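Colleague: Okay, handing you the structure first.
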Amino acid sequence: MRRLTARPERLAWLVVSALASVVFAVGCGGGDDDNGGEALSQIGEGEGELNLIAWAGYVEDGSTDPKVDWVSDFEKETGCKVNVKVGNTSDEMVQLMRTGQYDGVSASGDATLRLIEGGDVDPVNTDLVPNYEDVFDGLKEQPYNSVDGQMYGIPHGRGANLLMWNTDEVQPDPDSWSVVFDPQESSKYAGHVTAYDNPIYIADAGLYLMKHNPDLGITNPYELDEGQLDAAVDLLKDQNANIGEYWADYTKEISAFANGDTLVGTTWPYQYLTLQADGEPVGQTIPEEGSTGWSDTWMISSEAEHPNCMYLWFNHILEPQVQADVAEWFGEAPANSVACEPKYLKNGPFPDVNHCEKYDAAGEEYLDDLFYWTTPVSDCGDDRGDVCTTYDDWVQAWTEVKG
Amino acid sequence: MGRRLAGLFHGRPGLQVGGLLAGPVGWLVVGYLGSLAILLLTSFWTLGELSGEIEKTYNPANFSLDNFKQIAEEPVYRSIAGRTILIAALVTVTDAILAFPIAFYMAKVASPRTRSVLVVSVLLPLWSGYLVKVYTWRTIMSGGGVLSWAGVGAPTDDMVRVWLVMTYLWLPYMIIPIYAGLERISDSLLSASEDLGGHPRTTFRRVIVPLVFPAVVAGSIFTFSLTLGDFITPLLVSKTQFIGNVVYSNFSNDLPLAAAFSTVPVVVMVVYLLVARRLGAFEHL
């Protein structure tokens, strides 16, 4: 023992050299940034397991509500045991996908491009997904789910971010986002307003300014130049004074509305439907300014360990009955047009044969006018050129909004 | 084979000790120092615009001090860092003030039976889940919560809410070292002070406080560092953000920036530990 302690410098060298080799190994690893690999050409046997990242309510195995289950059948038929990790934000989903431990993800438009660009997902051979044929044309080969006509996923469904309020406390029923953005109106509910805790929420402020402050010249809330972003940030900073709490975890919003701490703010239909089913006094609308929304795509990881199971899942999640179930359970428009037939809608968790009209599944009323989540980039997409703010700027701006 | 292995180690104490320590030391180096080194390394990288992925190619444009510059120059990061250090200090001082009388009663006044009951009650909250405790506070302080029923009214100020919850959460970590420190003080010292005509207040000030101070500093290491790193409590009971929240939200958006900001609490804690060592706290851990 004495000998060892007499040579501490030798031990120190050992530590340093071990450290250096670790850093070297990590620093040089994982440098494959190519744009994904090849799409599968045929589906083989299921691999027995499937690891998914999904939005809340997208993969239900009966544990939330015994009647709401479209996973057990799939597991029985294919032998693919489904493990699901719920993501709260697109950022979280991208991060999780990059661990390489998941086979697939239900990605929104602000995650899809990041995943494609990062080479984290593979193109999808839609010929191997029979139900793909019945998907609404408005969802096929869109800028957020394909590159040069090559699909990078399977459409899942789409919908709008809603304005939700407590009907006991907020009267009359609001029909404009000004109830959360106009300082005078929202100060009535000071300390009880909520907002989505993510940089992408800046687009909601952008949309409000687009309608209420035309001088700014905003045409698309995801294409904001510096001046426009500053205006949106100012609006959100004013809003911050009236915010009680932000939510990113949907359960947090449900509990805040249920105990009356939050009275008004943005929501996904899922929280509204859950609160309503629990008998809470809540109302919802797509305000007159329109809204932001999401159009989701199931994508397959380029490092998927269970690609066959993932392709089987692609087809399963597009089954008309599953589509009807998911659409009613989450409160969104299904991607599969066949799901709109009454025989499927009648069997869903919230049976309503008018579901597809209500949610405008065909995109005839308002669905095509929504501003779907997408990643802001410097190219404005119009004659302004490369002067728009990037998602990086938005992340920084969001930190400033919260102070 | 086994015999040959035994022969190899025979008469070589260096190899014996080395073999014994290889596991723990390796874990320390790879698990702790290694991840710290990678953290530091990451903070120099930049992100690709669309993919939001780290550009790992080693050209000067991607490898710079930009993230640190951003943290130093944007006032928002400074105010967040200041707020975090302030709350950590407030929680530590409050915990010390609350913990001292409890620990003193436990160590010097209570009967052995009461003492063991008290020790168990102090430790018991540590057995329940952290999230359960924070969610409980969320309910206590909500509009329809206990505080409103009692007519006190729930605090609405974010700093007050976080301060209350953190003070509760980390109190046991302060009580236990102080209790141990007080137990070490022999009763004969207190008697001696009394015999020499020392007023109880003098005994407290000149005998107890100097002897137990290192233990308080030891406890403060826990309360201070735990508060400094926490991000779930602020997320659940307030709308404000601390260093941990910025790291957490940038972890998925801008890892290099998150890494750069993480170095702030690391530096603060290194300074804190150096001071604590000077004050003799390490003998009381």
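Ligands are numbered from 1 in the order shown, chains are lettered A, B, ... in the order of the structure tokens, and residues start at 1 in each chain.
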Using only C-alpha atoms, find each residue in stretch 162-214 of chain A having at least one atom no more than 6 Å away from stretch 256-264 of chain A; report its shortest atom-to-atom pair and that distance in Å (one decimal), rows by chain then rising number, as a tab-separated table.
Modeller:
```
residue	atom	partner	partner_atom	distance
A:Met164	CA	A:Val264	CA	5.7
A:Trp165	CA	A:Val264	CA	4.2
A:Asn166	CA	A:Leu263	CA	5.0
A:His192	CA	A:Thr262	CA	4.4
A:Val193	CA	A:Val264	CA	5.2
```
Colleague: Mind dumping the selected residues with C-alpha atoms as a PDB file, in the first residue's frame?
Modeller:
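File out-v2.pdb, as written:
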```
ATOM      1  CA  MET A 164     -59.677  26.189 -24.269  1.00  0.00           C
ATOM      2  CA  TRP A 165     -61.320  27.957 -21.349  1.00  0.00           C
ATOM      3  CA  ASN A 166     -63.134  27.333 -18.084  1.00  0.00           C
ATOM      4  CA  HIS A 192     -54.518  31.960 -14.736  1.00  0.00           C
ATOM      5  CA  VAL A 193     -53.461  32.035 -18.383  1.00  0.00           C
TER       6      VAL A 193
END
```
Colleague: Set the cut-off to 8 Å and count only C-alpha atoms: what are the residues of chain B that reach chain A? Output as a ChimeraX atom specification.
Modeller: /B:13-14,17,29-30,33-34,37-38,49-53,56,76,79-80,142-144,238-241,246,250,252-254
Colleague: Excluding B:Phe104 and any residue of its chain fewer than 2 positions from it, enumerate the residues within 12 Å of it, using only C-alpha atoms, and give them as a list in words.
Modeller: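 The residues satisfying every condition are Ala96, Ile97, Leu98, Ala99, Phe100, Pro101, Ile102, Met106, Ala107, Lys108, Val109, Ala110, Arg115, Leu118, Ile175, Ile176, Pro177, Ile178, Tyr179, Ala180, Gly181, Leu182, Glu183, Arg184, Ile185, Phe204, Ile208, Val209 and Val212 of chain B.
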Colleague: For stretch 279-295 of chain A, find every residue with an atom within 7 Å (counting only C-alpha atoms), except residues of its own chain fewer than 5 positions away, and show them as a list in words.
Modeller: Ser108, Gly109, Gly157, Arg158, Gly159, Ala160, Asn161, Leu162, Leu163, Met164, Trp165, Asn166, Thr167, Asp168, Asp175, Ser176, Trp177, Asp204, Tyr208, Lys211, Ala258, Leu370, Phe371, Tyr372 and Trp373 of chain A
Colleague: Work out how far atom CA of A:Leu128 is from atom CA of A:Asn336, in Å to one decimal.
Modeller: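 Pair atom CA of A:Asn336 / atom CA of A:Leu128 returns 15.9 Å.
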Colleague: So that I can check the surroundings of B:Leu123, please list as a PDB file with N, CA and C atoms, in the first residue's frame every protein, DNA and RNA residue that reaches within 12 Å of it, counting only C-alpha atoms and ignoring chain neighbours fewer than 6 positions away.
Modeller:
```pdb
ATOM      1  N   SER B 116     -34.757   8.655  18.776  1.00  0.00           N
ATOM      2  CA  SER B 116     -34.852   7.740  17.634  1.00  0.00           C
ATOM      3  C   SER B 116     -36.130   8.002  16.841  1.00  0.00           C
ATOM      4  N   VAL B 117     -37.203   8.379  17.545  1.00  0.00           N
ATOM      5  CA  VAL B 117     -38.435   8.734  16.826  1.00  0.00           C
ATOM      6  C   VAL B 117     -38.173   9.923  15.905  1.00  0.00           C
ATOM      7  N   LEU B 169     -37.872  20.382   0.767  1.00  0.00           N
ATOM      8  CA  LEU B 169     -37.266  19.187   0.173  1.00  0.00           C
ATOM      9  C   LEU B 169     -35.905  18.855   0.765  1.00  0.00           C
ATOM     10  N   TRP B 170     -35.083  19.879   0.962  1.00  0.00           N
ATOM     11  CA  TRP B 170     -33.683  19.594   1.321  1.00  0.00           C
ATOM     12  C   TRP B 170     -33.402  19.713   2.815  1.00  0.00           C
ATOM     13  N   LEU B 171     -34.424  20.016   3.625  1.00  0.00           N
ATOM     14  CA  LEU B 171     -34.198  20.187   5.062  1.00  0.00           C
ATOM     15  C   LEU B 171     -33.504  18.992   5.737  1.00  0.00           C
ATOM     16  N   PRO B 172     -33.914  17.753   5.446  1.00  0.00           N
ATOM     17  CA  PRO B 172     -33.234  16.619   6.102  1.00  0.00           C
ATOM     18  C   PRO B 172     -31.728  16.589   5.848  1.00  0.00           C
ATOM     19  N   TYR B 173     -31.313  17.034   4.669  1.00  0.00           N
ATOM     20  CA  TYR B 173     -29.886  17.014   4.343  1.00  0.00           C
ATOM     21  C   TYR B 173     -29.103  18.004   5.198  1.00  0.00           C
ATOM     22  N   MET B 174     -29.795  18.967   5.773  1.00  0.00           N
ATOM     23  CA  MET B 174     -29.151  19.918   6.670  1.00  0.00           C
ATOM     24  C   MET B 174     -29.208  19.422   8.107  1.00  0.00           C
ATOM     25  N   ILE B 175     -30.342  18.843   8.494  1.00  0.00           N
ATOM     26  CA  ILE B 175     -30.513  18.396   9.887  1.00  0.00           C
ATOM     27  C   ILE B 175     -29.496  17.315  10.246  1.00  0.00           C
ATOM     28  N   ILE B 176     -29.337  16.345   9.367  1.00  0.00           N
ATOM     29  CA  ILE B 176     -28.510  15.184   9.716  1.00  0.00           C
ATOM     30  C   ILE B 176     -27.046  15.562  10.004  1.00  0.00           C
TER      31      ILE B 176
END
```
Colleague: To one decimal place in Å, what is the distance between atom CA of B:Thr84 and atom CA of B:Phe242?
Modeller: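 Interatomic distance here is 5.4 Å.
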